[in-house]
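See below for work_2.cif, which holds mmCIF, C-alpha atoms.
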```cif
data_work
loop_
_atom_site.label_atom_id
_atom_site.label_comp_id
_atom_site.auth_asym_id
_atom_site.auth_seq_id
_atom_site.Cartn_x
_atom_site.Cartn_y
_atom_site.Cartn_z
CA MET O 12 151.04 122.64 104.12
CA THR O 13 149.33 125.56 105.79
CA MET O 14 146.39 127.41 104.24
CA THR O 15 145.45 131.04 104.57
CA HIS O 16 142.18 131.72 106.37
CA TYR O 17 140.80 132.83 102.98
CA MET O 18 141.50 129.44 101.39
CA GLU O 19 140.38 127.60 104.50
CA LEU O 20 137.05 129.46 104.36
CA LEU O 21 136.51 128.49 100.72
CA ALA O 22 137.58 124.88 101.29
CA SER O 23 135.42 124.36 104.38
CA ASN O 24 131.75 123.38 104.32
CA GLN O 25 131.85 122.35 100.66
CA PRO O 26 130.23 123.44 98.42
CA TRP O 27 128.39 126.11 100.39
CA ASN O 28 131.23 128.41 101.46
CA LEU O 29 132.64 128.38 97.94
CA LEU O 30 129.22 129.30 96.55
CA PHE O 31 128.40 131.99 99.13
CA PHE O 32 131.79 133.66 99.41
CA MET O 33 133.22 133.24 95.90
CA VAL O 34 130.80 132.11 93.21
CA ILE O 35 127.89 134.46 93.89
CA PRO O 36 129.85 137.72 94.19
CA VAL O 37 132.29 136.93 91.37
CA VAL O 38 129.59 135.73 88.95
CA LEU O 39 127.59 138.89 89.63
CA ALA O 40 130.69 141.08 89.17
CA GLU O 41 131.63 139.28 85.95
CA THR O 42 128.05 139.66 84.71
CA ILE O 43 128.29 143.38 85.37
CA ALA O 44 131.66 143.60 83.60
CA VAL O 45 130.41 141.80 80.49
CA THR O 46 127.16 143.75 80.28
CA GLU O 47 129.04 147.03 80.75
CA LEU O 48 131.34 146.22 77.87
CA TYR O 49 128.30 145.46 75.73
CA ILE O 50 126.60 148.71 76.77
CA LEU O 51 129.74 150.77 76.21
CA PHE O 52 130.15 149.34 72.70
CA THR O 53 126.49 149.53 71.66
CA ARG O 54 125.57 152.70 73.60
CA ASN O 55 122.19 151.04 74.26
CA MET O 56 121.32 152.48 77.66
CA ASN O 57 117.78 151.05 77.75
CA GLY O 58 118.11 147.43 76.65
CA LEU O 59 118.13 144.12 78.45
CA ALA O 60 121.89 144.30 79.08
CA ARG O 61 121.46 147.55 81.01
CA LYS O 62 118.64 146.07 83.11
CA ILE O 63 120.73 143.00 83.94
CA ASN O 64 123.67 145.28 84.70
CA ARG O 65 121.62 147.49 87.00
CA TYR O 66 119.99 144.68 88.96
CA ALA O 67 123.26 142.75 89.29
CA GLY O 68 124.89 145.96 90.60
CA ILE O 69 122.20 146.40 93.21
CA ILE O 70 122.15 142.74 94.27
CA VAL O 71 125.93 142.30 94.53
CA GLY O 72 126.39 145.39 96.70
CA ILE O 73 123.66 144.46 99.15
CA TYR O 74 124.79 140.83 99.18
CA PHE O 75 128.43 141.69 99.81
CA VAL O 76 127.62 144.09 102.64
CA GLY O 77 126.01 141.08 104.32
CA VAL O 78 129.08 138.93 103.60
CA PHE O 79 131.32 141.71 104.95
CA ILE O 80 129.36 142.00 108.21
CA TYR O 81 129.27 138.23 108.65
CA LEU O 82 133.01 137.77 108.04
CA MET O 83 134.00 140.76 110.17
CA LYS O 84 132.01 139.36 113.09
CA ASN O 85 132.89 135.69 112.65
CA ALA O 86 136.40 135.77 111.17
CA PHE O 87 138.33 139.02 110.92
CA ILE O 88 137.73 140.35 114.43
CA PRO O 89 138.17 136.96 116.20
CA ILE O 90 141.34 136.18 114.22
CA THR O 91 142.75 139.61 115.01
CA MET O 92 141.80 139.50 118.69
CA GLY O 93 143.29 136.02 119.03
CA GLY O 94 146.50 136.91 117.20
CA ASP O 95 145.85 134.00 114.87
CA TRP O 96 146.93 135.49 111.53
CA ARG O 97 149.03 133.15 109.43
CA GLY O 98 151.49 135.76 108.26
CA PHE O 99 151.61 138.42 105.59
CA ALA O 100 149.80 136.48 102.83
CA ASP O 101 146.90 135.66 105.15
CA ILE O 102 146.39 139.29 106.17
CA ILE O 103 146.57 140.51 102.54
CA ALA O 104 144.17 137.81 101.30
CA VAL O 105 141.47 138.34 103.91
CA SER O 106 141.80 142.14 104.00
CA SER O 107 141.68 142.41 100.20
CA TYR O 108 138.60 140.21 100.06
CA LEU O 109 136.83 142.32 102.68
CA LEU O 110 137.92 145.55 100.97
CA GLY O 111 135.76 144.46 98.03
CA VAL O 112 132.81 145.86 99.96
CA VAL O 113 133.86 149.41 99.01
CA PRO O 114 133.45 149.18 95.21
CA LEU O 115 130.49 146.80 95.43
CA ALA O 116 128.59 149.02 97.87
CA GLY O 117 129.60 151.97 95.69
CA MET O 118 127.85 150.35 92.72
CA THR O 119 124.70 149.88 94.73
CA LEU O 120 124.77 153.46 96.01
CA LEU O 121 125.23 154.63 92.42
CA GLU O 122 122.27 152.56 91.22
CA PHE O 123 120.08 153.95 93.99
CA GLY O 124 121.15 157.51 93.13
CA PHE O 125 122.99 158.29 96.35
CA ILE O 126 126.21 159.06 94.47
CA GLY O 127 126.86 160.32 90.93
CA LYS O 128 123.67 162.37 90.88
CA ASN O 129 125.14 165.01 88.56
CA LYS O 130 126.41 162.51 85.98
CA ASP O 131 124.64 161.61 82.75
CA GLU O 132 123.93 157.93 81.95
CA MET O 133 127.31 157.41 80.27
CA GLY O 134 129.11 159.05 83.19
CA LYS O 135 127.29 156.80 85.63
CA LEU O 136 128.12 153.76 83.53
CA LYS O 137 131.80 154.72 83.48
CA LEU O 138 131.78 155.13 87.28
CA HIS O 139 129.97 151.79 87.56
CA ALA O 140 132.62 150.17 85.33
CA THR O 141 135.35 151.71 87.49
CA PHE O 142 133.79 150.15 90.59
CA VAL O 143 133.66 146.75 88.85
CA GLY O 144 137.27 147.05 87.75
CA ILE O 145 138.40 147.95 91.26
CA PHE O 146 136.48 145.00 92.69
CA LEU O 147 137.97 142.57 90.17
CA ILE O 148 141.50 143.78 90.95
CA ILE O 149 140.92 143.50 94.70
CA ALA O 150 139.28 140.07 94.32
CA HIS O 151 142.21 138.79 92.28
CA ILE O 152 144.71 140.08 94.85
CA ALA O 153 142.72 138.20 97.50
CA MET O 154 142.71 135.06 95.37
CA ILE O 155 146.43 135.18 94.61
CA PHE O 156 147.52 135.76 98.20
CA GLY O 157 144.81 133.42 99.46
CA MET O 158 146.17 130.52 97.42
CA VAL O 159 149.74 130.99 98.60
CA ASN O 160 151.01 128.76 101.35
CA PRO O 161 151.71 131.30 104.14
CA GLU O 162 154.99 129.51 104.83
CA VAL O 163 156.32 130.96 101.55
CA PHE O 164 156.39 134.35 103.32
CA GLY O 165 158.00 132.96 106.46
CA TYR O 166 154.98 131.95 108.55
CA MET O 167 155.69 128.95 110.75
CA SER O 168 152.76 127.05 112.17
CA ASP O 169 153.10 124.93 115.28
CA MET O 170 153.27 121.91 112.99
CA THR O 171 156.02 123.36 110.77
CA MET O 172 159.48 122.22 111.69
CA PRO O 173 162.35 124.63 110.91
CA MET O 174 164.99 123.27 108.56
#
```
Represent the structure contained in this file as structure tokens.
Amino acid sequence: MTMTHYMELLASNQPWNLLFFMVIPVVLAETIAVTELYILFTRNMNGLARKINRYAGIIVGIYFVGVFIYLMKNAFIPITMGGDWRGFADIIAVSSYLLGVVPLAGMTLLEFGFIGKNKDEMGKLKLHATFVGIFLIIAHIAMIFGMVNPEVFGYMSDMTMPM
């Protein structure tokens, strides 16, 4: 069986790659999602949940920009330059994962006041929640395509024998 580069990354260097590339960003994003639901239901814009939400939003954006730069330099560009993509699923998985930088960096920019300046607290929270939702959708697309054997979409590795 052939793995996508996404799954190979997570499976290699256990448990560190799994922690750095999956657990940390997803746990922070899930923390943000849960605290935002709590804030939206309680309308408590000054409590502990909002502080956790804010700091998690700042940390995850900065963290993921670092992940993005690292993976672009050490994976995406070399794989592309070498023509080593393992088919459609591989490209979708890796590209979707990297695209997560957009909503996560957006959250951080929002928390620092670079975007959404004219919005009230509820408007900012709604934009923040939108960024989290977009990230979770993109991350799940990456996970789904990343777990697929690329051969399902017609990729044939050197070790795959045609039937």
Please tabulate, as a tab-separated table, the residues of segment 105-133 of chain O that come within 10 Å of segment 155-161 of chain O, each with its closest pair of atoms and the distance in Å to one decimal, counting only C-alpha atoms and ordering rows by chain, then residue number upward.
```
residue	atom	partner	partner_atom	distance
O:Val105	CA	O:Gly157	CA	7.4
O:Ser107	CA	O:Phe156	CA	9.1
O:Tyr108	CA	O:Gly157	CA	9.2
```
With segment 68-83 of chain O as the partner and 7 Å as the cut-off, tabulate the residues of segment 33-59 of chain O that qualify, each row holding the nearest pair of atoms and their distance in Å to one decimal, using all atoms listed in the file, sorted by chain and rising number, as a tab-separated table.
```
residue	atom	partner	partner_atom	distance
O:Pro36	CA	O:Val71	CA	6.0
O:Leu39	CA	O:Val71	CA	6.2
O:Ile43	CA	O:Gly68	CA	6.8
```
*asked:* List as a PyMOL selection string the protein and nucleic acid residues near segment 54-62 of chain O, meaning an atom at most 12 Å away when all atoms listed in the file are counted, but skip any in the same chain fewer than 4 places from it.
replied: chain O and resi 42-50+66-69+122+131-137+139
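Relative to atom CA of Arg65 of chain O, atom CA of Ala104 of chain O is found at 28.4 Å.
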*asked:* Need the shell around segment 167-169 of chain O: protein/DNA/RNA residues with any atom at most 12 Å away, counting all atoms listed in the file. Skip same-chain ones fewer than 6 positions apart. Format as a count of residues only?
replied: 11
*O:Val143, O:Ile103, O:Val163, O:Leu20: which is nearest Ala116 of chain O, counting only C-alpha atoms?*
O:Val143
